[in-house]
$ cat input19.cif   # mmCIF, C-alpha atoms and all ligand atoms
data_query
#
loop_
_atom_site.label_atom_id
_atom_site.label_comp_id
_atom_site.auth_asym_id
_atom_site.auth_seq_id
_atom_site.Cartn_x
_atom_site.Cartn_y
_atom_site.Cartn_z
CA MET R 143 119.62 102.97 98.64
CA THR R 144 122.21 105.61 97.73
CA ALA R 145 125.90 104.70 97.68
CA ASP R 146 126.37 106.60 100.95
CA GLU R 147 123.58 104.59 102.57
CA LYS R 148 125.02 101.34 101.27
CA TYR R 149 128.42 101.95 102.86
CA MET R 150 126.84 103.26 106.06
CA GLN R 151 124.71 100.12 106.23
CA LEU R 152 127.88 98.06 106.02
CA ALA R 153 129.40 100.13 108.85
CA LEU R 154 126.24 99.55 110.92
CA ASP R 155 126.35 95.80 110.26
CA LEU R 156 130.00 95.64 111.30
CA ALA R 157 129.20 97.56 114.48
CA ALA R 158 126.20 95.35 115.29
CA SER R 159 128.28 92.19 115.16
CA ALA R 160 129.84 93.19 118.51
CA ARG R 161 126.46 93.56 120.19
CA GLY R 162 126.77 92.74 123.88
CA ASN R 163 130.57 93.01 123.90
CA THR R 164 131.18 96.76 124.03
CA ASN R 165 129.30 97.85 127.17
CA PRO R 166 129.56 100.49 128.55
CA ASN R 167 130.84 101.79 125.21
CA PRO R 168 128.75 102.21 122.06
CA LEU R 169 128.62 99.93 119.03
CA VAL R 170 130.58 101.67 116.28
CA GLY R 171 131.58 100.68 112.75
CA ALA R 172 133.69 102.45 110.12
CA VAL R 173 134.19 101.89 106.40
CA ILE R 174 136.70 103.72 104.18
CA VAL R 175 136.01 103.90 100.46
CA LYS R 176 138.38 105.12 97.75
CA ASP R 177 137.24 105.28 94.11
CA GLY R 178 134.47 102.76 94.77
CA VAL R 179 136.77 100.28 96.50
CA ILE R 180 136.42 99.48 100.21
CA VAL R 181 139.96 100.05 101.45
CA GLY R 182 139.34 99.85 105.18
CA THR R 183 136.79 98.44 107.61
CA GLY R 184 136.72 98.46 111.37
CA LEU R 185 134.52 98.05 114.36
CA HIS R 186 134.71 98.62 118.05
CA ARG R 187 135.01 95.15 119.56
CA LYS R 188 135.28 95.78 123.29
CA ALA R 189 135.50 98.68 125.76
CA GLY R 190 139.14 99.65 126.26
CA GLU R 191 140.15 98.38 122.82
CA PRO R 192 140.75 100.69 119.82
CA HIS R 193 137.81 102.58 118.37
CA ALA R 194 136.30 101.53 115.04
CA GLU R 195 138.12 104.27 113.10
CA VAL R 196 141.55 103.11 114.32
CA HIS R 197 141.06 99.62 112.91
CA ALA R 198 139.71 100.98 109.61
CA PHE R 199 142.60 103.44 109.08
CA ARG R 200 145.16 100.78 110.00
CA MET R 201 143.75 98.63 107.23
CA ALA R 202 143.48 101.46 104.69
CA GLY R 203 146.99 102.82 105.21
CA GLU R 204 147.93 105.23 102.41
CA HIS R 205 144.71 104.39 100.52
CA ALA R 206 142.92 106.74 102.92
CA GLN R 207 144.30 109.72 100.92
CA GLY R 208 141.35 111.43 99.25
CA ALA R 209 138.93 108.71 100.41
CA THR R 210 135.54 108.94 102.09
CA VAL R 211 135.12 107.52 105.58
CA TYR R 212 131.73 106.34 106.86
CA VAL R 213 131.30 106.16 110.63
CA THR R 214 128.17 105.22 112.54
CA LEU R 215 128.99 107.64 115.36
CA GLU R 216 130.76 111.00 115.26
CA PRO R 217 134.53 110.51 115.68
CA CYS R 218 135.50 111.24 119.29
CA SER R 219 137.31 114.43 120.27
CA HIS R 220 138.33 113.56 123.82
CA TYR R 221 141.17 111.71 125.50
CA GLY R 222 139.42 108.70 127.08
CA LYS R 223 140.89 105.21 127.26
CA THR R 224 142.21 105.99 123.76
CA PRO R 225 143.30 109.24 122.00
CA PRO R 226 140.77 111.26 119.92
CA CYS R 227 139.76 109.69 116.62
CA ALA R 228 138.86 113.08 115.13
CA ASN R 229 142.61 113.89 115.07
CA LEU R 230 143.31 110.57 113.39
CA VAL R 231 140.65 111.26 110.74
CA LYS R 232 141.95 114.82 110.23
CA ASP R 233 145.54 113.65 109.73
CA SER R 234 144.62 110.69 107.52
CA GLY R 235 144.12 112.72 104.35
CA VAL R 236 140.49 111.71 103.77
CA SER R 237 138.52 114.31 101.87
CA ARG R 238 135.03 113.49 103.08
CA VAL R 239 133.52 112.17 106.30
CA VAL R 240 130.00 110.76 106.51
CA VAL R 241 128.59 110.36 110.02
CA ALA R 242 125.31 108.66 110.94
CA MET R 243 124.76 110.52 114.20
CA GLN R 244 126.28 112.98 116.60
CA ASP R 245 127.82 111.47 119.75
CA PRO R 246 125.48 111.92 122.77
CA ASN R 247 128.50 111.62 125.08
CA PRO R 248 128.79 115.09 126.71
CA SER R 249 132.61 114.88 126.33
CA VAL R 250 132.19 114.79 122.53
CA ALA R 251 128.70 116.15 121.60
CA GLY R 252 129.55 117.71 118.25
CA ARG R 253 133.17 118.66 118.98
CA GLY R 254 134.53 115.86 116.78
CA ILE R 255 132.46 117.07 113.81
CA GLN R 256 133.47 120.69 114.45
CA LEU R 257 137.16 119.78 114.63
CA LEU R 258 136.95 118.14 111.19
CA ARG R 259 134.99 121.01 109.64
CA ASP R 260 137.47 123.51 111.07
CA ALA R 261 140.20 121.54 109.31
CA GLY R 262 138.36 122.09 106.00
CA ILE R 263 137.09 118.51 105.64
CA GLU R 264 133.60 118.02 104.23
CA VAL R 265 131.42 116.36 106.89
CA GLU R 266 127.92 115.08 106.29
CA VAL R 267 125.82 114.10 109.31
CA GLY R 268 122.58 112.09 109.42
CA VAL R 269 122.98 109.24 106.88
CA LEU R 270 120.96 106.29 108.27
CA GLU R 271 120.68 108.21 111.51
CA GLU R 272 117.56 106.41 112.68
CA GLN R 273 119.22 102.99 112.29
CA SER R 274 122.27 104.22 114.16
CA ARG R 275 120.12 105.57 117.00
CA ARG R 276 118.36 102.23 117.25
CA LEU R 277 121.66 100.37 117.28
CA ASN R 278 122.91 102.50 120.16
CA GLU R 279 119.63 102.96 122.03
CA ARG R 280 121.23 101.68 125.21
CA PHE R 281 124.28 103.99 124.95
CA ILE R 282 122.17 107.05 124.12
CA HIS R 283 119.88 106.39 127.09
CA ASN R 284 122.91 105.98 129.37
CA MET R 285 124.47 109.23 128.22
CA LEU R 286 121.26 111.24 128.55
CA THR R 287 119.88 109.83 131.82
CA LYS R 288 122.79 108.16 133.66
CA ARG R 289 120.46 105.20 134.15
CA PRO R 290 120.52 101.67 132.71
CA PHE R 291 118.34 100.94 129.66
CA VAL R 292 115.47 98.71 130.81
CA LEU R 293 114.03 95.93 128.65
CA ALA R 294 110.86 94.27 129.89
CA LYS R 295 110.52 90.70 128.69
CA TYR R 296 107.66 88.32 129.21
CA ALA R 297 106.12 85.35 127.46
CA MET R 298 102.36 85.03 127.34
CA THR R 299 99.62 82.99 125.76
CA LEU R 300 97.42 84.42 123.01
CA ASP R 301 94.98 85.45 125.75
CA GLY R 302 97.64 87.29 127.72
CA LYS R 303 98.41 84.81 130.51
CA ILE R 304 101.88 84.04 131.85
CA ALA R 305 100.98 81.17 134.19
CA ALA R 306 98.12 79.17 135.64
CA HIS R 307 96.75 80.37 139.00
CA THR R 308 99.03 77.83 140.69
CA GLY R 309 102.04 79.64 139.23
CA HIS R 310 102.75 76.77 136.83
CA SER R 311 104.34 78.22 133.70
CA LYS R 312 106.64 75.58 132.20
CA TRP R 313 106.42 76.30 129.36
CA VAL R 314 104.51 79.10 127.74
CA THR R 315 106.75 79.43 124.68
CA GLY R 316 108.69 76.85 122.71
CA GLU R 317 112.39 76.06 122.66
CA VAL R 318 113.36 78.51 119.90
CA ALA R 319 111.82 81.48 121.71
CA ARG R 320 113.46 80.44 124.97
CA GLU R 321 116.84 80.24 123.23
CA ASP R 322 116.18 83.74 121.85
CA VAL R 323 115.90 85.02 125.43
CA HIS R 324 119.30 83.54 126.20
CA HIS R 325 120.74 85.63 123.34
CA ILE R 326 119.36 88.72 125.08
CA ARG R 327 120.78 87.59 128.42
CA HIS R 328 124.19 87.29 126.73
CA GLU R 329 123.95 90.91 125.52
CA VAL R 330 122.82 92.69 128.69
CA ASP R 331 124.74 93.66 131.82
CA GLY R 332 122.00 92.78 134.26
CA ILE R 333 118.96 90.53 134.62
CA LEU R 334 116.39 91.46 137.24
CA VAL R 335 113.60 89.55 138.99
CA GLY R 336 111.68 89.94 142.23
CA VAL R 337 112.33 87.69 145.22
CA GLY R 338 108.88 86.12 144.63
CA THR R 339 110.20 84.59 141.42
CA VAL R 340 113.29 83.31 143.25
CA ILE R 341 111.13 81.71 145.96
CA ALA R 342 108.66 80.21 143.47
CA ASP R 343 110.99 78.99 140.70
CA ASN R 344 114.54 79.07 142.14
CA PRO R 345 115.95 80.12 138.73
CA SER R 346 119.69 80.40 138.10
CA LEU R 347 119.25 83.32 135.63
CA THR R 348 122.36 82.38 133.69
CA THR R 349 122.90 82.36 129.94
CA ARG R 350 122.68 78.94 128.37
CA LEU R 351 123.23 79.09 124.62
CA LYS R 352 123.69 76.10 122.36
CA GLN R 353 126.79 77.72 120.80
CA GLY R 354 128.32 77.82 124.26
CA TYR R 355 129.78 81.38 124.20
CA GLY R 356 127.15 83.14 126.28
CA LYS R 357 128.20 85.54 129.05
CA ASN R 358 126.17 85.70 132.22
CA PRO R 359 124.56 88.99 133.19
CA VAL R 360 124.78 90.19 136.79
CA ARG R 361 121.71 88.87 138.61
CA ILE R 362 119.73 91.58 140.36
CA ILE R 363 117.08 90.51 142.85
CA MET R 364 114.57 92.99 144.27
CA ASP R 365 114.06 91.79 147.82
CA SER R 366 113.08 94.64 150.11
CA LEU R 367 112.95 92.58 153.33
CA LEU R 368 115.74 90.11 152.41
CA ARG R 369 113.47 87.09 152.27
CA ILE R 370 115.71 85.22 149.84
CA PRO R 371 116.10 81.54 150.82
CA PRO R 372 119.72 80.70 151.81
CA HIS R 373 119.98 77.93 149.22
CA ALA R 374 118.65 79.93 146.25
CA HIS R 375 120.66 79.19 143.07
CA VAL R 376 121.28 82.91 142.53
CA LEU R 377 123.30 83.00 145.77
CA ASN R 378 125.89 80.75 144.15
CA ILE R 379 128.19 83.46 142.87
CA GLU R 380 130.60 81.04 141.23
CA GLN R 381 128.19 81.04 138.28
CA ALA R 382 127.56 84.79 138.04
CA LYS R 383 127.61 87.92 140.19
CA THR R 384 124.53 88.79 142.22
CA ILE R 385 123.22 92.09 143.57
CA ILE R 386 120.35 92.02 146.06
CA VAL R 387 118.42 95.25 146.30
CA CYS R 388 116.76 95.69 149.69
CA SER R 389 115.08 98.39 151.63
CA LYS R 390 117.21 100.77 153.73
CA GLY R 391 116.97 99.81 157.39
CA VAL R 392 116.84 95.99 157.10
CA GLU R 393 118.74 94.16 159.83
CA GLN R 394 122.49 94.36 159.42
CA GLU R 395 122.92 90.63 160.29
CA LYS R 396 120.89 89.67 157.23
CA ILE R 397 123.04 91.90 155.04
CA THR R 398 126.27 90.56 156.53
CA ALA R 399 125.17 86.94 156.02
CA LEU R 400 124.59 87.62 152.33
CA GLU R 401 127.78 89.61 151.90
CA LYS R 402 129.69 86.64 153.36
CA LYS R 403 128.47 84.62 150.39
CA GLY R 404 130.02 87.22 148.07
CA VAL R 405 126.74 88.86 147.12
CA THR R 406 126.49 92.66 146.81
CA VAL R 407 123.66 94.12 148.90
CA LEU R 408 122.28 97.44 147.71
CA PRO R 409 119.94 99.26 150.12
CA VAL R 410 117.57 101.79 148.56
CA SER R 411 114.70 103.87 149.94
CA ARG R 412 111.23 102.45 150.20
CA GLU R 413 107.95 104.17 149.54
CA ARG R 414 104.37 102.97 149.87
CA GLU R 415 104.46 101.06 146.59
CA GLY R 416 107.80 99.37 147.27
CA LEU R 417 111.46 100.10 146.52
CA VAL R 418 112.12 103.42 144.79
CA ILE R 419 112.82 102.33 141.22
CA ASP R 420 114.63 105.43 140.01
CA GLU R 421 116.99 105.44 143.00
CA MET R 422 117.71 101.76 142.39
CA LEU R 423 118.43 102.38 138.70
CA GLU R 424 120.72 105.30 139.50
CA LYS R 425 122.71 103.16 141.95
CA LEU R 426 122.87 100.20 139.57
CA TYR R 427 124.24 102.48 136.83
CA GLN R 428 126.89 103.67 139.26
CA LEU R 429 127.81 100.01 139.77
CA GLY R 430 128.41 99.74 136.00
CA ILE R 431 125.11 98.18 134.90
CA THR R 432 124.22 99.84 131.56
CA ASP R 433 121.22 97.70 130.62
CA ILE R 434 118.84 95.39 132.43
CA LEU R 435 116.53 92.65 131.26
CA VAL R 436 113.54 92.64 133.61
CA GLU R 437 112.07 89.14 133.71
CA GLY R 438 109.24 89.71 136.19
CA GLY R 439 107.14 88.62 137.99
CA SER R 440 104.07 90.66 137.47
CA ALA R 441 104.50 92.84 140.58
CA VAL R 442 108.04 93.80 139.57
CA ASN R 443 106.88 94.49 136.01
CA ALA R 444 104.15 96.72 137.44
CA SER R 445 106.56 98.79 139.51
CA PHE R 446 108.72 99.43 136.44
CA LEU R 447 105.69 100.31 134.33
CA GLN R 448 104.13 102.61 136.92
CA ASN R 449 107.42 104.47 137.29
CA GLY R 450 107.75 104.95 133.55
CA ALA R 451 110.97 102.94 133.74
CA ILE R 452 110.44 100.51 130.84
CA ASN R 453 112.44 101.57 127.79
CA LYS R 454 111.67 98.62 125.52
CA TYR R 455 109.30 95.66 125.46
CA VAL R 456 110.34 92.25 124.16
CA ILE R 457 107.20 90.14 124.27
CA TYR R 458 106.72 86.56 123.18
CA VAL R 459 103.24 85.36 122.33
CA ALA R 460 102.61 81.63 122.28
CA PRO R 461 99.98 79.96 120.07
CA LYS R 462 98.04 78.77 123.12
CA VAL R 463 94.95 79.98 124.90
CA LEU R 464 94.87 79.33 128.65
CA GLY R 465 91.81 81.16 129.92
CA GLY R 466 90.95 81.33 133.60
CA ARG R 467 89.93 84.35 135.61
CA LEU R 468 92.68 83.62 138.14
CA SER R 469 95.43 82.86 135.62
CA LEU R 470 98.37 85.24 135.98
CA THR R 471 98.99 88.16 133.66
CA PRO R 472 102.33 89.83 132.84
CA ILE R 473 101.77 93.10 134.66
CA ALA R 474 99.88 93.42 137.94
CA GLY R 475 99.89 96.50 140.18
CA HIS R 476 97.02 98.85 140.86
CA SER R 477 93.87 98.37 138.81
CA PRO R 478 93.02 101.22 136.43
CA THR R 479 89.41 102.30 136.18
CA SER R 480 89.45 103.28 132.50
CA MET R 481 91.33 102.71 129.25
CA GLU R 482 92.53 106.30 129.48
CA GLU R 483 95.05 105.13 132.05
CA ALA R 484 96.70 102.76 129.54
CA TRP R 485 100.35 103.39 128.66
CA ASP R 486 100.68 103.84 124.90
CA VAL R 487 103.36 101.94 123.07
CA GLU R 488 104.53 101.80 119.48
CA PHE R 489 105.09 98.49 117.74
CA ASP R 490 108.53 98.26 116.20
CA SER R 491 108.57 94.75 114.76
CA PHE R 492 107.09 91.31 114.96
CA ASP R 493 108.79 88.09 113.97
CA LYS R 494 108.06 84.42 114.16
CA VAL R 495 110.55 82.63 116.42
CA GLY R 496 109.89 78.95 116.10
CA GLN R 497 106.18 78.48 116.82
CA ASP R 498 105.88 81.76 118.75
CA LEU R 499 105.66 85.46 117.90
CA ARG R 500 108.15 88.03 119.16
CA ILE R 501 106.89 91.59 119.39
CA ILE R 502 109.24 94.51 119.98
CA ALA R 503 107.59 97.70 121.19
CA TYR R 504 108.67 101.02 122.68
CA PRO R 505 106.85 103.39 125.01
CA LYS R 506 105.24 106.11 122.92
CA LYS R 507 107.09 109.41 123.20
CA GLY R 508 105.49 112.73 124.01
C1 LIG U 1 134.00 103.55 121.43
N1 LIG U 1 134.27 103.01 120.22
O1 LIG U 1 134.55 103.15 118.04
C2 LIG U 1 133.97 105.10 119.21
C3 LIG U 1 133.67 105.68 120.47
O2 LIG U 1 136.75 105.39 126.86
P1 LIG U 1 137.10 105.48 125.42
O3 LIG U 1 138.38 106.20 125.17
O4 LIG U 1 137.06 104.16 124.70
O5 LIG U 1 136.00 106.42 124.74
C4 LIG U 1 134.67 106.03 124.71
C5 LIG U 1 133.86 107.13 124.05
O6 LIG U 1 134.35 107.42 122.76
C6 LIG U 1 132.41 106.73 123.84
O7 LIG U 1 131.64 107.04 124.98
C7 LIG U 1 132.00 107.56 122.64
O8 LIG U 1 131.60 108.83 123.09
C8 LIG U 1 133.31 107.77 121.86
N2 LIG U 1 133.35 106.99 120.58
N3 LIG U 1 133.70 104.86 121.54
O9 LIG U 1 134.00 102.85 122.42
C9 LIG U 1 134.29 103.72 119.11
N4 LIG U 1 134.01 105.84 118.09
ZN ZN U 2 137.27 107.44 119.01
#

$ encode --input "input19.cif" --output "structure tokens"
Amino acid sequence: MTADEKYMQLALDLAASARGNTNPNPLVGAVIVKDGVIVGTGLHRKAGEPHAEVHAFRMAGEHAQGATVYVTLEPCSHYGKTPPCANLVKDSGVSRVVVAMQDPNPSVAGRGIQLLRDAGIEVEVGVLEEQSRRLNERFIHNMLTKRPFVLAKYAMTLDGKIAAHTGHSKWVTGEVAREDVHHIRHEVDGILVGVGTVIADNPSLTTRLKQGYGKNPVRIIMDSLLRIPPHAHVLNIEQAKTIIVCSKGVEQEKITALEKKGVTVLPVSREREGLVIDEMLEKLYQLGITDILVEGGSAVNASFLQNGAINKYVIYVAPKVLGGRLSLTPIAGHSPTSMEEAWDVEFDSFDKVGQDLRIIAYPKKG
């Protein structure tokens, strides 16, 4: 690792520590180094609070003169909730700026870098860029598509089953893997299941972490005909907010009854295969949902897959073999006739979590 990479890695680590707290804003870290000494560090902790650079320059004070600043994202050039950081960097007296990646936000998009270069400051872009892109995969997707970033999560046996044919599935994975899922729930804005899962399991879809600090995502239930049972746990909005996505044209009385409970009802168009996924995602983004953990069942997973709407897979594999022609599998939907119809993915990582494996994969690009 070069010295630049070492300091950028520190900035990335600082940024990552706020994972789940900055939505809809990105995760950003900054490190200021003068003569080999770290004189300032900062990170963006929460949307609406100061940007990473502000904290770092406050700490560095006059030591910023002639220093190098490392930032994981191009300093902003716009007046948002806070004034532009590029001006702050320009006026700080630093002599060199190292940036991991350009800001995909159309209000910035290279203008921050240009402003600094125009001021005669040396700017280097692209140090640990790939890591920075991974760190802000959700933010980048939001900026480019105006849709939430979708994570598909399921837990299966070694032979690819998620439940017995009766629907019994408690439990596929062990305690450590299940706790891991609660960490993801804490980080995302929304958690989505189909009404079939609500009817079968009556889950509460809240975050239950041993440490006790978990935030609850908004619960999103796909229920085109509003079949949700009146006493479903997810209709108790004292625990967490709930959005029920139904088909346009369902009876108004059903909608009103749910709205009286404090639930948001979101009608979207319906096509032969079910609710129109892209329209739903667009509307959810407009409601402020920047990422969604899709927790099934297999019909819901299939509609996301078939619409090319899965952005990341988080898959747990348990050291168990269930067998059974009628056992349930993670993704249902229409049955392909050949392997050519398979969706290609790329493995990113695999880890052991307790007794189980966790595989992270991404849809293959291009
Ligand atoms: C952050 N934190 O450390 C940096 C950001 O609404 P605002 O004023 O907070 O601006 C948010 C935008 O600022 C964000 O979309 C990104 O383009 C840019 N940089 N944002 O939240 C930071 N450096
Ligand atoms: Zn800024």

$ residues_near_ligand --input "input19.cif" --ligand "ligand ZN 2 (chain U)" --cutoff "10 Å" --atoms "all atoms listed in the file" --output "mmCIF file with C-alpha atoms, keeping the file's coordinate frame"
data_model
loop_
_atom_site.group_PDB
_atom_site.id
_atom_site.type_symbol
_atom_site.label_atom_id
_atom_site.label_comp_id
_atom_site.auth_asym_id
_atom_site.auth_seq_id
_atom_site.Cartn_x
_atom_site.Cartn_y
_atom_site.Cartn_z
ATOM 1 C CA VAL R 170 130.580 101.670 116.280
ATOM 2 C CA HIS R 186 134.710 98.620 118.050
ATOM 3 C CA PRO R 192 140.750 100.690 119.820
ATOM 4 C CA HIS R 193 137.810 102.580 118.370
ATOM 5 C CA ALA R 194 136.300 101.530 115.040
ATOM 6 C CA GLU R 195 138.120 104.270 113.100
ATOM 7 C CA VAL R 196 141.550 103.110 114.320
ATOM 8 C CA LEU R 215 128.990 107.640 115.360
ATOM 9 C CA GLU R 216 130.760 111.000 115.260
ATOM 10 C CA PRO R 217 134.530 110.510 115.680
ATOM 11 C CA CYS R 218 135.500 111.240 119.290
ATOM 12 C CA SER R 219 137.310 114.430 120.270
ATOM 13 C CA HIS R 220 138.330 113.560 123.820
ATOM 14 C CA TYR R 221 141.170 111.710 125.500
ATOM 15 C CA GLY R 222 139.420 108.700 127.080
ATOM 16 C CA LYS R 223 140.890 105.210 127.260
ATOM 17 C CA THR R 224 142.210 105.990 123.760
ATOM 18 C CA PRO R 225 143.300 109.240 122.000
ATOM 19 C CA PRO R 226 140.770 111.260 119.920
ATOM 20 C CA CYS R 227 139.760 109.690 116.620
ATOM 21 C CA ALA R 228 138.860 113.080 115.130
ATOM 22 C CA ASN R 229 142.610 113.890 115.070
ATOM 23 C CA LEU R 230 143.310 110.570 113.390
ATOM 24 C CA VAL R 231 140.650 111.260 110.740
ATOM 25 C CA VAL R 250 132.190 114.790 122.530
ATOM 26 C CA GLY R 254 134.530 115.860 116.780
#

$ closest_residue --input "input19.cif" --among "R:Asn247, R:Ser311, R:Ser411, R:Thr210" --to "ligand LIG 1 (chain U)" --atoms "only C-alpha atoms and all ligand atoms"
R:Asn247

$ residues_around --input "input19.cif" --residues "segment 261-277 of chain R" --least-positions-apart "2" --cutoff "9 Å" --atoms "all atoms listed in the file" --output "VMD selection string"
chain R and resid 146 to 147 150 to 151 154 157 to 158 161 168 to 170 214 to 216 232 236 to 244 255 to 259 279 to 282

$ write_last_selection --input "input19.cif" --atoms "C-alpha atoms" --output "PDB file, keeping the file's coordinate frame"
ATOM      1  CA  ASP R 146     126.370 106.600 100.950  1.00  0.00           C
ATOM      2  CA  GLU R 147     123.580 104.590 102.570  1.00  0.00           C
ATOM      3  CA  MET R 150     126.840 103.260 106.060  1.00  0.00           C
ATOM      4  CA  GLN R 151     124.710 100.120 106.230  1.00  0.00           C
ATOM      5  CA  LEU R 154     126.240  99.550 110.920  1.00  0.00           C
ATOM      6  CA  ALA R 157     129.200  97.560 114.480  1.00  0.00           C
ATOM      7  CA  ALA R 158     126.200  95.350 115.290  1.00  0.00           C
ATOM      8  CA  ARG R 161     126.460  93.560 120.190  1.00  0.00           C
ATOM      9  CA  PRO R 168     128.750 102.210 122.060  1.00  0.00           C
ATOM     10  CA  LEU R 169     128.620  99.930 119.030  1.00  0.00           C
ATOM     11  CA  VAL R 170     130.580 101.670 116.280  1.00  0.00           C
ATOM     12  CA  THR R 214     128.170 105.220 112.540  1.00  0.00           C
ATOM     13  CA  LEU R 215     128.990 107.640 115.360  1.00  0.00           C
ATOM     14  CA  GLU R 216     130.760 111.000 115.260  1.00  0.00           C
ATOM     15  CA  LYS R 232     141.950 114.820 110.230  1.00  0.00           C
ATOM     16  CA  VAL R 236     140.490 111.710 103.770  1.00  0.00           C
ATOM     17  CA  SER R 237     138.520 114.310 101.870  1.00  0.00           C
ATOM     18  CA  ARG R 238     135.030 113.490 103.080  1.00  0.00           C
ATOM     19  CA  VAL R 239     133.520 112.170 106.300  1.00  0.00           C
ATOM     20  CA  VAL R 240     130.000 110.760 106.510  1.00  0.00           C
ATOM     21  CA  VAL R 241     128.590 110.360 110.020  1.00  0.00           C
ATOM     22  CA  ALA R 242     125.310 108.660 110.940  1.00  0.00           C
ATOM     23  CA  MET R 243     124.760 110.520 114.200  1.00  0.00           C
ATOM     24  CA  GLN R 244     126.280 112.980 116.600  1.00  0.00           C
ATOM     25  CA  ILE R 255     132.460 117.070 113.810  1.00  0.00           C
ATOM     26  CA  GLN R 256     133.470 120.690 114.450  1.00  0.00           C
ATOM     27  CA  LEU R 257     137.160 119.780 114.630  1.00  0.00           C
ATOM     28  CA  LEU R 258     136.950 118.140 111.190  1.00  0.00           C
ATOM     29  CA  ARG R 259     134.990 121.010 109.640  1.00  0.00           C
ATOM     30  CA  GLU R 279     119.630 102.960 122.030  1.00  0.00           C
ATOM     31  CA  ARG R 280     121.230 101.680 125.210  1.00  0.00           C
ATOM     32  CA  PHE R 281     124.280 103.990 124.950  1.00  0.00           C
ATOM     33  CA  ILE R 282     122.170 107.050 124.120  1.00  0.00           C
TER      34      ILE R 282
END

$ closest_residue --input "input19.cif" --among "R:Arg289, R:Lys462, R:Lys188, R:Lys454" --to "Ala503 of chain R" --atoms "all atoms listed in the file"
R:Lys454

$ closest_residue --input "input19.cif" --among "R:Val495, R:Ile386, R:Met143, R:Ala160" --to "ligand LIG 1 (chain U)" --atoms "all atoms listed in the file"
R:Ala160

$ residues_around --input "input19.cif" --residues "segment 425-436 of chain R" --least-positions-apart "5" --cutoff "9 Å" --atoms "all atoms listed in the file" --output "MDAnalysis selection string"
chainID R and resid 165:166 280:281 284 288:296 326:327 329:335 359:360 362 408 410 420 442:443 446 452

$ write_last_selection --input "input19.cif" --atoms "C-alpha atoms" --output "compact mmCIF listing (two decimals), in the frame of the given file"
# COMPACT_ATOMS: atom_id res chain seq x y z
CA ASN R 165 129.30 97.85 127.17
CA PRO R 166 129.56 100.49 128.55
CA ARG R 280 121.23 101.68 125.21
CA PHE R 281 124.28 103.99 124.95
CA ASN R 284 122.91 105.98 129.37
CA LYS R 288 122.79 108.16 133.66
CA ARG R 289 120.46 105.20 134.15
CA PRO R 290 120.52 101.67 132.71
CA PHE R 291 118.34 100.94 129.66
CA VAL R 292 115.47 98.71 130.81
CA LEU R 293 114.03 95.93 128.65
CA ALA R 294 110.86 94.27 129.89
CA LYS R 295 110.52 90.70 128.69
CA TYR R 296 107.66 88.32 129.21
CA ILE R 326 119.36 88.72 125.08
CA ARG R 327 120.78 87.59 128.42
CA GLU R 329 123.95 90.91 125.52
CA VAL R 330 122.82 92.69 128.69
CA ASP R 331 124.74 93.66 131.82
CA GLY R 332 122.00 92.78 134.26
CA ILE R 333 118.96 90.53 134.62
CA LEU R 334 116.39 91.46 137.24
CA VAL R 335 113.60 89.55 138.99
CA PRO R 359 124.56 88.99 133.19
CA VAL R 360 124.78 90.19 136.79
CA ILE R 362 119.73 91.58 140.36
CA LEU R 408 122.28 97.44 147.71
CA VAL R 410 117.57 101.79 148.56
CA ASP R 420 114.63 105.43 140.01
CA VAL R 442 108.04 93.80 139.57
CA ASN R 443 106.88 94.49 136.01
CA PHE R 446 108.72 99.43 136.44
CA ILE R 452 110.44 100.51 130.84

$ residues_near_point --input "input19.cif" --point "(118.4, 98.6, 150.9)" --cutoff "8 Å" --atoms "only C-alpha atoms" --output "PyMOL selection string"
chain R and resi 366+387-392+407-411

$ closest_residue --input "input19.cif" --among "R:Leu423, R:Ala305, R:Ala206, R:Ala145" --to "Val463 of chain R" --atoms "only C-alpha atoms"
R:Ala305

$ closest_residue --input "input19.cif" --among "R:Gly162, R:Gly178, R:Gly508, R:Pro246" --to "ligand LIG 1 (chain U)" --atoms "only C-alpha atoms and all ligand atoms"
R:Pro246

$ closest_residue --input "input19.cif" --among "R:Arg414, R:Arg350, R:Arg253, R:Arg500" --to "ligand LIG 1 (chain U)" --atoms "all atoms listed in the file"
R:Arg253
